[in-house]
file final-v4.csv (CSV, C-alpha atoms)
chain,number,residue,atom,x,y,z
A,1,MET,CA,-197.5,51.4,-38.0
A,2,LYS,CA,-199.6,49.6,-35.4
A,3,LYS,CA,-197.6,46.4,-35.9
A,4,LEU,CA,-194.4,48.4,-35.4
A,5,ILE,CA,-195.7,49.7,-32.1
A,6,TYR,CA,-196.7,46.2,-31.0
A,7,VAL,CA,-193.2,44.9,-31.9
A,8,PHE,CA,-191.5,47.8,-30.0
A,9,VAL,CA,-193.7,47.3,-26.9
A,10,PHE,CA,-193.0,43.5,-27.0
A,11,LEU,CA,-189.3,44.1,-27.3
A,12,ALA,CA,-189.4,46.7,-24.4
A,13,ILE,CA,-191.3,44.2,-22.2
A,14,VAL,CA,-188.7,41.4,-23.0
A,15,ALA,CA,-185.8,43.7,-22.4
A,16,GLY,CA,-187.4,45.0,-19.1
A,17,GLY,CA,-188.0,41.4,-18.0
A,18,ILE,CA,-184.4,40.3,-18.7
A,19,TYR,CA,-183.1,43.4,-16.8
A,20,TYR,CA,-185.4,42.8,-13.9
A,21,TYR,CA,-184.5,39.1,-13.7
A,22,SER,CA,-180.7,39.7,-14.0
A,23,PHE,CA,-180.2,42.7,-11.8
A,24,VAL,CA,-183.2,43.0,-9.5
A,25,TYR,CA,-184.7,39.6,-8.9
A,26,SER,CA,-181.4,37.7,-8.8
A,27,LYS,CA,-180.0,40.1,-6.2
A,28,THR,CA,-182.9,39.7,-3.8
A,29,HIS,CA,-183.8,36.0,-4.5
A,30,HIS,CA,-181.1,33.5,-3.5
A,31,ARG,CA,-181.2,29.8,-3.7
A,32,ASN,CA,-183.3,28.4,-0.9
A,33,ALA,CA,-181.9,24.9,-0.1
A,34,GLN,CA,-184.4,24.5,2.7
A,35,ALA,CA,-187.3,24.3,0.2
A,36,GLU,CA,-185.5,21.6,-1.9
A,37,SER,CA,-185.9,17.9,-1.4
A,38,SER,CA,-182.7,16.6,0.3
A,39,VAL,CA,-180.6,13.5,0.6
A,40,LEU,CA,-180.7,12.1,4.2
A,41,ILE,CA,-177.4,10.8,5.6
A,42,SER,CA,-175.5,10.5,8.8
A,43,SER,CA,-172.3,12.5,9.2
A,44,ASP,CA,-170.2,9.3,9.5
A,45,ALA,CA,-171.7,7.9,6.3
A,46,LEU,CA,-171.1,11.2,4.4
A,47,THR,CA,-167.4,11.4,5.4
A,48,ALA,CA,-167.0,7.7,4.6
A,49,GLU,CA,-168.4,8.2,1.1
A,50,TYR,CA,-165.9,11.1,0.5
A,51,GLN,CA,-163.0,9.2,2.0
A,52,ALA,CA,-163.8,6.1,-0.2
A,53,ASN,CA,-164.1,8.0,-3.5
A,54,GLU,CA,-164.3,11.8,-3.8
A,55,GLN,CA,-165.5,11.8,-7.4
A,56,THR,CA,-168.3,9.4,-6.8
A,57,ALA,CA,-169.3,11.3,-3.6
A,58,ASN,CA,-169.3,14.6,-5.5
A,59,ALA,CA,-171.6,13.1,-8.1
A,60,LYS,CA,-174.0,12.2,-5.3
A,61,PHE,CA,-173.8,15.2,-3.0
A,62,LEU,CA,-172.0,18.2,-4.6
A,63,ASN,CA,-174.3,21.2,-4.8
A,64,LYS,CA,-177.2,19.1,-3.5
A,65,ALA,CA,-179.4,19.8,-0.5
A,66,VAL,CA,-178.3,17.4,2.2
A,67,GLU,CA,-179.8,16.7,5.6
A,68,VAL,CA,-177.0,15.4,7.8
A,69,THR,CA,-177.4,13.9,11.3
A,70,GLY,CA,-174.6,13.5,13.7
A,71,SER,CA,-172.9,14.4,17.0
A,72,ILE,CA,-171.6,17.9,17.6
A,73,LEU,CA,-167.8,17.9,18.2
A,74,SER,CA,-167.4,21.7,18.5
A,75,ILE,CA,-169.3,24.9,17.9
A,76,SER,CA,-167.5,28.1,16.7
A,77,LYS,CA,-167.8,31.2,14.6
A,78,ASP,CA,-166.3,31.9,11.2
A,79,GLN,CA,-164.6,35.2,10.4
A,80,ALA,CA,-167.8,36.6,9.0
A,81,GLY,CA,-169.7,35.8,12.3
A,82,HIS,CA,-171.7,32.7,11.1
A,83,THR,CA,-172.0,29.9,13.5
A,84,THR,CA,-170.0,26.8,12.5
A,85,ILE,CA,-170.5,23.3,13.7
A,86,LEU,CA,-168.0,20.4,13.4
A,87,MET,CA,-170.0,17.2,13.3
A,88,GLY,CA,-168.7,13.6,13.5
A,89,LYS,CA,-166.4,11.5,15.7
A,90,PRO,CA,-163.5,12.9,17.8
A,91,ASP,CA,-160.9,10.4,16.5
A,92,ALA,CA,-162.0,10.5,12.8
A,93,PHE,CA,-159.6,11.6,10.1
A,94,SER,CA,-162.3,13.7,8.5
A,95,ASN,CA,-165.6,15.1,9.8
A,96,VAL,CA,-168.4,17.4,8.5
A,97,SER,CA,-167.9,21.1,8.8
A,98,ILE,CA,-171.1,23.1,8.7
A,99,THR,CA,-171.6,26.8,8.4
A,100,LEU,CA,-175.0,27.9,9.4
A,101,ALA,CA,-177.0,30.5,7.4
A,102,SER,CA,-177.7,32.5,10.5
A,103,THR,CA,-175.3,34.5,12.7
A,104,ASP,CA,-177.5,33.9,15.7
A,105,PRO,CA,-176.0,31.9,18.6
A,106,ILE,CA,-177.4,28.3,19.1
A,107,THR,CA,-178.4,26.6,22.3
A,108,HIS,CA,-176.9,23.2,21.4
A,109,LYS,CA,-173.6,22.0,22.8
A,110,ALA,CA,-170.9,19.5,22.1
A,111,GLY,CA,-172.1,15.9,22.3
A,112,ASP,CA,-175.7,16.8,21.2
A,113,ILE,CA,-177.0,14.8,18.2
A,114,ILE,CA,-178.6,17.1,15.7
A,115,THR,CA,-179.8,17.2,12.1
A,116,VAL,CA,-178.8,20.1,9.8
A,117,LYS,CA,-180.0,20.8,6.3
A,118,GLY,CA,-177.7,22.7,3.9
A,119,VAL,CA,-175.9,22.6,0.6
A,120,CYS,CA,-172.8,20.3,0.2
A,121,THR,CA,-170.1,22.3,-1.5
A,122,GLY,CA,-167.5,19.4,-1.5
A,123,ASN,CA,-164.6,18.1,0.5
A,124,LEU,CA,-161.4,19.7,1.8
A,125,SER,CA,-160.0,18.3,5.1
A,126,ASP,CA,-163.7,17.9,6.1
A,127,VAL,CA,-166.9,17.6,4.1
A,128,ILE,CA,-168.3,21.1,3.8
A,129,ILE,CA,-171.9,22.0,4.3
A,130,ASN,CA,-173.0,25.6,3.6
A,131,GLU,CA,-176.2,27.6,4.4
A,132,GLY,CA,-177.1,25.2,7.1
A,133,VAL,CA,-180.3,25.3,9.2
A,134,ILE,CA,-180.8,23.1,12.3
A,135,LYS,CA,-183.9,21.0,11.9
B,1,MET,CA,-119.7,3.6,31.7
B,2,LYS,CA,-123.2,3.7,33.3
B,3,ASN,CA,-122.9,7.4,33.8
B,4,ILE,CA,-122.0,8.0,30.1
B,5,VAL,CA,-125.1,6.0,29.1
B,6,LYS,CA,-127.2,8.1,31.5
B,7,ILE,CA,-125.8,11.4,30.1
B,8,PHE,CA,-126.5,10.2,26.5
B,9,THR,CA,-130.0,9.2,27.5
B,10,VAL,CA,-130.7,12.6,29.0
B,11,ILE,CA,-129.2,14.4,25.9
B,12,ILE,CA,-131.3,12.3,23.5
B,13,ALA,CA,-134.4,12.9,25.6
B,14,LEU,CA,-133.7,16.6,25.6
B,15,LEU,CA,-133.1,16.7,21.8
B,16,GLY,CA,-136.4,14.8,21.4
B,17,THR,CA,-138.3,17.3,23.5
B,18,GLN,CA,-136.7,20.2,21.5
B,19,SER,CA,-137.6,18.7,18.2
B,20,LEU,CA,-141.2,18.4,19.4
B,21,HIS,CA,-141.3,22.1,20.2
B,22,ALA,CA,-139.3,23.1,17.1
B,23,GLN,CA,-142.2,22.8,14.7
B,24,LYS,CA,-145.8,24.2,15.0
B,25,VAL,CA,-148.6,23.8,12.6
B,26,TYR,CA,-151.1,26.6,12.4
B,27,ALA,CA,-154.5,25.8,10.9
B,28,THR,CA,-157.9,27.3,10.0
B,29,LYS,CA,-161.0,25.9,8.3
B,30,THR,CA,-162.8,29.3,8.2
B,31,GLY,CA,-160.4,31.6,6.5
B,32,GLN,CA,-161.7,34.2,4.0
B,33,LEU,CA,-161.0,34.7,0.4
B,34,PHE,CA,-162.4,37.6,-1.6
B,35,PHE,CA,-162.7,37.5,-5.4
B,36,ASN,CA,-163.3,40.6,-7.6
B,37,ALA,CA,-163.4,40.5,-11.4
B,38,SER,CA,-165.4,43.6,-12.0
B,39,GLY,CA,-164.7,44.9,-15.5
B,40,GLY,CA,-167.4,47.5,-15.9
B,41,ILE,CA,-170.2,49.1,-13.9
B,42,GLU,CA,-171.6,45.8,-12.6
B,43,LYS,CA,-169.8,44.5,-9.4
B,44,ILE,CA,-168.6,40.9,-10.0
B,45,ALA,CA,-167.4,40.0,-6.5
B,46,ALA,CA,-167.7,37.1,-4.1
B,47,VAL,CA,-166.5,35.8,-0.8
B,48,ASN,CA,-165.7,32.4,0.5
B,49,ASN,CA,-165.7,31.9,4.3
B,50,GLN,CA,-164.5,28.3,4.4
B,51,VAL,CA,-160.9,28.5,3.3
B,52,ASP,CA,-158.9,25.6,4.6
B,53,SER,CA,-155.3,26.5,5.3
B,54,LYS,CA,-152.3,25.2,7.2
B,55,PHE,CA,-148.7,26.4,7.6
B,56,VAL,CA,-145.7,25.2,9.4
B,57,ASP,CA,-143.7,27.8,11.3
B,58,ALA,CA,-140.3,26.0,11.0
B,59,THR,CA,-140.3,25.5,7.3
B,60,GLY,CA,-142.8,28.1,6.0
B,61,GLN,CA,-144.7,25.4,4.1
B,62,ILE,CA,-148.2,26.7,3.5
B,63,ILE,CA,-151.4,25.3,1.8
B,64,PHE,CA,-154.7,26.9,1.0
B,65,GLY,CA,-157.8,25.0,-0.2
B,66,VAL,CA,-161.1,26.4,-1.3
B,67,LEU,CA,-164.3,25.0,-2.8
B,68,ILE,CA,-165.6,26.9,-5.8
B,69,LYS,CA,-169.2,26.3,-4.9
B,70,GLY,CA,-168.5,28.0,-1.6
B,71,PHE,CA,-168.2,31.4,-3.2
B,72,LYS,CA,-171.2,33.6,-2.4
B,73,PHE,CA,-172.2,36.4,-4.7
B,74,GLU,CA,-174.7,39.1,-4.0
B,75,ASN,CA,-176.4,38.2,-7.3
B,76,GLN,CA,-177.6,34.6,-7.5
B,77,LEU,CA,-177.6,34.6,-11.4
B,78,MET,CA,-174.0,35.8,-11.3
B,79,GLU,CA,-173.1,32.9,-8.9
B,80,ASP,CA,-174.8,30.4,-11.2
B,81,HIS,CA,-172.9,31.7,-14.2
B,82,PHE,CA,-169.6,31.8,-12.3
B,83,ASN,CA,-170.0,28.1,-11.4
B,84,GLU,CA,-171.5,26.8,-14.6
B,85,ASN,CA,-170.1,28.9,-17.5
B,86,TYR,CA,-166.7,30.0,-16.2
B,87,MET,CA,-165.3,27.9,-13.3
B,88,GLU,CA,-167.1,24.7,-14.4
B,89,SER,CA,-167.1,23.8,-10.7
B,90,THR,CA,-168.8,20.4,-11.1
B,91,GLN,CA,-165.8,19.3,-13.1
B,92,PHE,CA,-163.2,21.3,-11.1
B,93,PRO,CA,-164.7,21.7,-7.6
B,94,LYS,CA,-161.5,22.9,-5.8
B,95,ALA,CA,-158.8,25.5,-6.1
B,96,ASP,CA,-155.6,25.3,-4.1
B,97,PHE,CA,-152.3,26.9,-3.4
B,98,LYS,CA,-149.2,25.0,-2.2
B,99,GLY,CA,-146.0,26.8,-1.5
B,100,TYR,CA,-143.7,28.4,1.0
B,101,ILE,CA,-143.5,31.6,3.0
B,102,LYS,CA,-140.0,32.4,1.9
B,103,ASN,CA,-139.0,34.6,4.8
B,104,ILE,CA,-140.6,32.6,7.7
B,105,LYS,CA,-137.4,32.8,9.7
B,106,GLU,CA,-137.8,36.5,10.1
B,107,ILE,CA,-141.1,36.2,11.9
B,108,ASP,CA,-141.1,36.2,15.7
B,109,PHE,CA,-144.2,34.2,16.7
B,110,SER,CA,-143.7,35.1,20.4
B,111,LYS,CA,-144.2,38.8,19.8
B,112,ASP,CA,-147.3,40.7,18.8
B,113,GLY,CA,-146.7,42.6,15.6
B,114,LYS,CA,-147.0,42.8,11.8
B,115,PHE,CA,-144.4,41.3,9.6
B,116,PRO,CA,-144.1,41.5,5.8
B,117,ILE,CA,-144.0,38.1,4.1
B,118,THR,CA,-143.2,36.8,0.6
B,119,ILE,CA,-145.0,33.7,-0.6
B,120,GLU,CA,-144.1,31.5,-3.6
B,121,GLY,CA,-145.8,28.4,-4.9
B,122,ASN,CA,-148.3,26.8,-7.3
B,123,LEU,CA,-151.9,28.0,-7.6
B,124,THR,CA,-154.3,25.5,-9.2
B,125,ILE,CA,-157.6,26.9,-10.5
B,126,HIS,CA,-159.8,25.1,-13.0
B,127,GLY,CA,-157.4,22.2,-13.1
B,128,VAL,CA,-154.5,24.4,-14.3
B,129,ALA,CA,-151.5,25.1,-12.1
B,130,GLN,CA,-149.4,28.3,-12.4
B,131,LYS,CA,-146.5,29.6,-10.4
B,132,VAL,CA,-147.4,32.6,-8.1
B,133,ASN,CA,-145.1,35.0,-6.3
B,134,THR,CA,-146.8,37.4,-4.0
B,135,SER,CA,-146.3,39.5,-0.9
B,136,GLY,CA,-148.5,39.9,2.1
B,137,THR,CA,-148.5,40.5,5.9
B,138,ILE,CA,-148.6,38.2,8.9
B,139,GLU,CA,-150.0,39.7,12.1
B,140,ILE,CA,-149.3,38.0,15.4
B,141,VAL,CA,-151.8,38.7,18.2
B,142,GLN,CA,-151.2,36.7,21.4
B,143,GLY,CA,-149.5,34.0,19.5
B,144,LYS,CA,-152.2,33.6,16.9
B,145,PRO,CA,-151.2,34.5,13.4
B,146,THR,CA,-153.4,36.1,10.7
B,147,ILE,CA,-152.2,36.1,7.1
B,148,MET,CA,-153.4,38.9,4.8
B,149,GLY,CA,-152.5,39.2,1.1
B,150,GLU,CA,-153.7,40.4,-2.2
B,151,PHE,CA,-152.7,39.4,-5.7
B,152,SER,CA,-154.1,39.3,-9.2
B,153,VAL,CA,-154.6,36.3,-11.5
B,154,LYS,CA,-155.0,36.4,-15.3
B,155,ILE,CA,-158.3,34.5,-15.8
B,156,LYS,CA,-157.3,33.1,-19.2
B,157,ASP,CA,-154.0,31.7,-17.8
B,158,TYR,CA,-156.1,29.1,-16.0
B,159,GLY,CA,-157.9,27.9,-19.1
B,160,ILE,CA,-161.1,29.7,-18.1
B,161,LYS,CA,-163.1,30.7,-21.2
B,162,GLY,CA,-166.5,32.4,-21.6
B,163,LEU,CA,-168.2,35.4,-22.9
B,164,TYR,CA,-167.5,38.9,-21.5
B,165,ILE,CA,-163.9,38.2,-20.3
B,166,GLY,CA,-162.0,41.4,-21.0
B,167,GLU,CA,-165.4,43.3,-21.1
B,168,LYS,CA,-167.8,43.1,-18.2
B,169,ILE,CA,-165.5,40.7,-16.6
B,170,ALA,CA,-161.9,41.9,-16.0
B,171,ASN,CA,-159.0,40.1,-17.6
B,172,GLU,CA,-157.4,39.9,-14.2
B,173,ALA,CA,-159.3,38.9,-11.0
B,174,LYS,CA,-158.1,40.3,-7.7
B,175,ILE,CA,-157.8,37.8,-5.0
B,176,LYS,CA,-157.7,38.9,-1.3
B,177,VAL,CA,-156.9,36.5,1.5
B,178,ASN,CA,-157.5,36.9,5.2
B,179,CYS,CA,-156.9,33.8,7.3
B,180,LYS,CA,-156.9,33.8,11.1
B,181,TYR,CA,-155.2,30.7,12.3
B,182,GLN,CA,-155.6,28.7,15.5
B,183,ASN,CA,-152.7,26.9,17.2

call {"tool": "encode", "arguments": {"input": "final-v4.csv", "output": "structure tokens"}}
result
Amino acid sequence: MKKLIYVFVFLAIVAGGIYYYSFVYSKTHHRNAQAESSVLISSDALTAEYQANEQTANAKFLNKAVEVTGSILSISKDQAGHTTILMGKPDAFSNVSITLASTDPITHKAGDIITVKGVCTGNLSDVIINEGVIK
Amino acid sequence: MKNIVKIFTVIIALLGTQSLHAQKVYATKTGQLFFNASGGIEKIAAVNNQVDSKFVDATGQIIFGVLIKGFKFENQLMEDHFNENYMESTQFPKADFKGYIKNIKEIDFSKDGKFPITIEGNLTIHGVAQKVNTSGTIEIVQGKPTIMGEFSVKIKDYGIKGLYIGEKIANEAKIKVNCKYQN
């Protein structure tokens, strides 16, 4: 009988743990790219890698924490209110489009050289960096 | 003779100017796409705020591009499963739509207002392309258009496999688009 109680208690703890991890912990704890070690690269080198070979570039940068340095071309807001930064060269075919994690306004302006750490989610017409934080 | 040459030159110049104004490309890199595949009590929904889209007012040609890893879920575990077990986003990092706004000629871009639109084209998800016909709305405010639309996709039509489709995960995912374009 005692054994049965132990088994039942053990199963209840495991089930409770799975429930807590799946529906409570995972809702309140999101990936924190800022705590991850990152690949350091300039915005020009990052776009050049994607223009040269998207598949190879994805193998290096997709879903990785990336610390990208470059010149601000423009600052804007996305439809959800996050600050967005376009980084690169004015005459380039493709640049780096960064969405910051925060909705707070920033003090930087076009022409400033900054470093932003975020997650690379791939390449559309620009290389996309998400969840960015200015270093 | 010289006068005729002059007249022709002026006509050609005018036609050239007209053709420059005849076509306008509207674009955004920060459109929104909402995804909802809730099949039971648990909400399976995500948003992507980096939709890349362009359309041409003269022809109605339209494209949308979206990165799968850019979808944000409330639940991190759900986001991980969405990427790894269902969308296989390392192998298929993008989804796109390429098509036409069929009734583009009915839209007056110079006037503020809402216009119904019909869109037809190919939607590629998970490396599989399917024809899509849908309707939506285009709203013009001070010359800037916003396209809004909602349609459903059968998950299995795109070769997406995985547990819980048809149970916790709906067979059909609802896709909602809201893109504000710049000109």

call {"tool": "interface_residues", "arguments": {"input": "final-v4.csv", "of": "chain B", "to": "chain A", "cutoff": "9 Å", "atoms": "all atoms listed in the file", "output": "list in words"}}
result
Lys29, Thr30, Gly31, Gln32, Asn49, Gln50, Val51, Asp52, Gly65, Val66, Leu67, Ile68, Lys69, Gly70, Phe73, Glu74, Asn75, Gln76, Leu77, Met78, Thr90, Pro93, Lys94, Asn178, Cys179 and Lys180 of chain B

call {"tool": "closest_residue", "arguments": {"input": "final-v4.csv", "among": "B:Lys105, B:Lys114, B:Lys168, B:Lys144", "to": "Asn183 in chain B", "atoms": "only C-alpha atoms"}}
result
B:Lys144

call {"tool": "closest_residue", "arguments": {"input": "final-v4.csv", "among": "A:Asp104, A:Ile13, A:Thr47, A:Ile114", "to": "Lys89 in chain A", "atoms": "only C-alpha atoms"}}
result
A:Thr47

call {"tool": "residues_around", "arguments": {"input": "final-v4.csv", "residues": "Gly60 in chain B", "least_positions_apart": "5", "cutoff": "8 Å", "atoms": "all atoms listed in the file", "output": "ChimeraX atom specification"}}
result
/B:55,100-104

call {"tool": "atom_distance", "arguments": {"input": "final-v4.csv", "atom1": "CA of Val39 in chain A", "atom2": "CA of Thr28 in chain B"}}
result
28.2 Å

call {"tool": "atom_distance", "arguments": {"input": "final-v4.csv", "atom1": "CA of Asn32 in chain A", "atom2": "CA of Ser38 in chain B"}}
result
26.0 Å

call {"tool": "atom_distance", "arguments": {"input": "final-v4.csv", "atom1": "CA of Thr134 in chain B", "atom2": "CA of Asp80 in chain B"}}
result
29.7 Å

call {"tool": "residues_around", "arguments": {"input": "final-v4.csv", "residues": "Val153 in chain B", "least_positions_apart": "4", "cutoff": "9 Å", "atoms": "all atoms listed in the file", "output": "PyMOL selection string"}}
result
chain B and resi 132+157-158+171-175

call {"tool": "residues_near_point", "arguments": {"input": "final-v4.csv", "point": "(-186.2, 21.5, -1.7)", "cutoff": "12 Å", "atoms": "all atoms listed in the file", "output": "list in words"}}
result
Arg31, Asn32, Ala33, Gln34, Ala35, Glu36, Ser37, Ser38, Val39, Lys64, Ala65, Val66, Glu67, Lys117, Gly118 and Val119 of chain A

call {"tool": "closest_residue", "arguments": {"input": "final-v4.csv", "among": "A:Val96, A:Gly16, A:Pro105, A:Ala110", "to": "Leu46 in chain A", "atoms": "only C-alpha atoms"}}
result
A:Val96

call {"tool": "closest_residue", "arguments": {"input": "final-v4.csv", "among": "A:Ile106, A:Phe10, A:Ala92, A:Val133", "to": "Val68 in chain A", "atoms": "all atoms listed in the file"}}
result
A:Val133

call {"tool": "build_atoms", "arguments": {"input": "final-v4.csv", "residues": "range 87-117 of chain A", "atoms": "N, CA and C atoms", "output": "PDB file, in the frame of the given file"}}
result
ATOM      1  N   MET A  87    -169.169  18.310  13.015  1.00  0.00           N
ATOM      2  CA  MET A  87    -170.000  17.200  13.300  1.00  0.00           C
ATOM      3  C   MET A  87    -169.252  15.869  12.970  1.00  0.00           C
ATOM      4  N   GLY A  88    -169.303  14.874  13.844  1.00  0.00           N
ATOM      5  CA  GLY A  88    -168.700  13.600  13.500  1.00  0.00           C
ATOM      6  C   GLY A  88    -168.133  12.913  14.756  1.00  0.00           C
ATOM      7  N   LYS A  89    -166.964  12.270  14.594  1.00  0.00           N
ATOM      8  CA  LYS A  89    -166.400  11.500  15.700  1.00  0.00           C
ATOM      9  C   LYS A  89    -165.025  12.189  16.082  1.00  0.00           C
ATOM     10  N   PRO A  90    -164.696  12.238  17.404  1.00  0.00           N
ATOM     11  CA  PRO A  90    -163.500  12.900  17.800  1.00  0.00           C
ATOM     12  C   PRO A  90    -162.192  12.335  17.232  1.00  0.00           C
ATOM     13  N   ASP A  91    -162.176  11.028  16.993  1.00  0.00           N
ATOM     14  CA  ASP A  91    -160.900  10.400  16.500  1.00  0.00           C
ATOM     15  C   ASP A  91    -160.939  10.186  14.992  1.00  0.00           C
ATOM     16  N   ALA A  92    -161.932  10.737  14.287  1.00  0.00           N
ATOM     17  CA  ALA A  92    -162.000  10.500  12.800  1.00  0.00           C
ATOM     18  C   ALA A  92    -161.014  11.356  12.073  1.00  0.00           C
ATOM     19  N   PHE A  93    -160.545  10.844  10.942  1.00  0.00           N
ATOM     20  CA  PHE A  93    -159.600  11.600  10.100  1.00  0.00           C
ATOM     21  C   PHE A  93    -160.269  12.789   9.467  1.00  0.00           C
ATOM     22  N   SER A  94    -161.539  12.624   9.125  1.00  0.00           N
ATOM     23  CA  SER A  94    -162.300  13.700   8.500  1.00  0.00           C
ATOM     24  C   SER A  94    -163.689  13.759   9.102  1.00  0.00           C
ATOM     25  N   ASN A  95    -164.232  14.968   9.214  1.00  0.00           N
ATOM     26  CA  ASN A  95    -165.600  15.100   9.800  1.00  0.00           C
ATOM     27  C   ASN A  95    -166.411  15.986   8.831  1.00  0.00           C
ATOM     28  N   VAL A  96    -167.541  16.481   9.341  1.00  0.00           N
ATOM     29  CA  VAL A  96    -168.400  17.400   8.500  1.00  0.00           C
ATOM     30  C   VAL A  96    -168.364  18.749   9.148  1.00  0.00           C
ATOM     31  N   SER A  97    -167.953  19.723   8.354  1.00  0.00           N
ATOM     32  CA  SER A  97    -167.900  21.100   8.800  1.00  0.00           C
ATOM     33  C   SER A  97    -169.047  21.883   8.253  1.00  0.00           C
ATOM     34  N   ILE A  98    -169.900  22.395   9.140  1.00  0.00           N
ATOM     35  CA  ILE A  98    -171.100  23.100   8.700  1.00  0.00           C
ATOM     36  C   ILE A  98    -171.094  24.533   9.053  1.00  0.00           C
ATOM     37  N   THR A  99    -171.423  25.370   8.085  1.00  0.00           N
ATOM     38  CA  THR A  99    -171.600  26.800   8.400  1.00  0.00           C
ATOM     39  C   THR A  99    -173.088  27.086   8.299  1.00  0.00           C
ATOM     40  N   LEU A 100    -173.613  27.628   9.387  1.00  0.00           N
ATOM     41  CA  LEU A 100    -175.000  27.900   9.400  1.00  0.00           C
ATOM     42  C   LEU A 100    -175.348  29.205   8.652  1.00  0.00           C
ATOM     43  N   ALA A 101    -176.555  29.290   8.125  1.00  0.00           N
ATOM     44  CA  ALA A 101    -177.000  30.500   7.400  1.00  0.00           C
ATOM     45  C   ALA A 101    -177.053  31.692   8.278  1.00  0.00           C
ATOM     46  N   SER A 102    -177.415  31.430   9.522  1.00  0.00           N
ATOM     47  CA  SER A 102    -177.700  32.500  10.500  1.00  0.00           C
ATOM     48  C   SER A 102    -176.399  32.843  11.286  1.00  0.00           C
ATOM     49  N   THR A 103    -176.353  34.075  11.792  1.00  0.00           N
ATOM     50  CA  THR A 103    -175.300  34.500  12.700  1.00  0.00           C
ATOM     51  C   THR A 103    -175.715  34.356  14.154  1.00  0.00           C
ATOM     52  N   ASP A 104    -176.989  33.982  14.355  1.00  0.00           N
ATOM     53  CA  ASP A 104    -177.500  33.900  15.700  1.00  0.00           C
ATOM     54  C   ASP A 104    -176.845  32.750  16.495  1.00  0.00           C
ATOM     55  N   PRO A 105    -176.640  32.948  17.808  1.00  0.00           N
ATOM     56  CA  PRO A 105    -176.000  31.900  18.600  1.00  0.00           C
ATOM     57  C   PRO A 105    -177.021  30.692  18.724  1.00  0.00           C
ATOM     58  N   ILE A 106    -176.493  29.491  18.958  1.00  0.00           N
ATOM     59  CA  ILE A 106    -177.400  28.300  19.100  1.00  0.00           C
ATOM     60  C   ILE A 106    -177.312  27.794  20.516  1.00  0.00           C
ATOM     61  N   THR A 107    -178.356  27.059  20.881  1.00  0.00           N
ATOM     62  CA  THR A 107    -178.400  26.600  22.300  1.00  0.00           C
ATOM     63  C   THR A 107    -177.795  25.190  22.426  1.00  0.00           C
ATOM     64  N   HIS A 108    -177.476  24.547  21.300  1.00  0.00           N
ATOM     65  CA  HIS A 108    -176.900  23.200  21.400  1.00  0.00           C
ATOM     66  C   HIS A 108    -175.470  23.245  21.897  1.00  0.00           C
ATOM     67  N   LYS A 109    -175.007  22.084  22.342  1.00  0.00           N
ATOM     68  CA  LYS A 109    -173.600  22.000  22.800  1.00  0.00           C
ATOM     69  C   LYS A 109    -172.943  20.728  22.324  1.00  0.00           C
ATOM     70  N   ALA A 110    -171.623  20.696  22.516  1.00  0.00           N
ATOM     71  CA  ALA A 110    -170.900  19.500  22.100  1.00  0.00           C
ATOM     72  C   ALA A 110    -171.436  18.253  22.651  1.00  0.00           C
ATOM     73  N   GLY A 111    -171.561  17.219  21.843  1.00  0.00           N
ATOM     74  CA  GLY A 111    -172.100  15.900  22.300  1.00  0.00           C
ATOM     75  C   GLY A 111    -173.565  15.754  21.875  1.00  0.00           C
ATOM     76  N   ASP A 112    -174.270  16.878  21.625  1.00  0.00           N
ATOM     77  CA  ASP A 112    -175.700  16.800  21.200  1.00  0.00           C
ATOM     78  C   ASP A 112    -175.748  16.162  19.797  1.00  0.00           C
ATOM     79  N   ILE A 113    -176.782  15.379  19.559  1.00  0.00           N
ATOM     80  CA  ILE A 113    -177.000  14.800  18.200  1.00  0.00           C
ATOM     81  C   ILE A 113    -178.062  15.682  17.529  1.00  0.00           C
ATOM     82  N   ILE A 114    -177.678  16.247  16.383  1.00  0.00           N
ATOM     83  CA  ILE A 114    -178.600  17.100  15.700  1.00  0.00           C
ATOM     84  C   ILE A 114    -178.670  16.782  14.197  1.00  0.00           C
ATOM     85  N   THR A 115    -179.654  17.379  13.527  1.00  0.00           N
ATOM     86  CA  THR A 115    -179.800  17.200  12.100  1.00  0.00           C
ATOM     87  C   THR A 115    -179.740  18.650  11.485  1.00  0.00           C
ATOM     88  N   VAL A 116    -178.893  18.813  10.476  1.00  0.00           N
ATOM     89  CA  VAL A 116    -178.800  20.100   9.800  1.00  0.00           C
ATOM     90  C   VAL A 116    -179.005  19.930   8.312  1.00  0.00           C
ATOM     91  N   LYS A 117    -179.812  20.825   7.753  1.00  0.00           N
ATOM     92  CA  LYS A 117    -180.000  20.800   6.300  1.00  0.00           C
ATOM     93  C   LYS A 117    -179.262  21.953   5.659  1.00  0.00           C
TER      94      LYS A 117
END
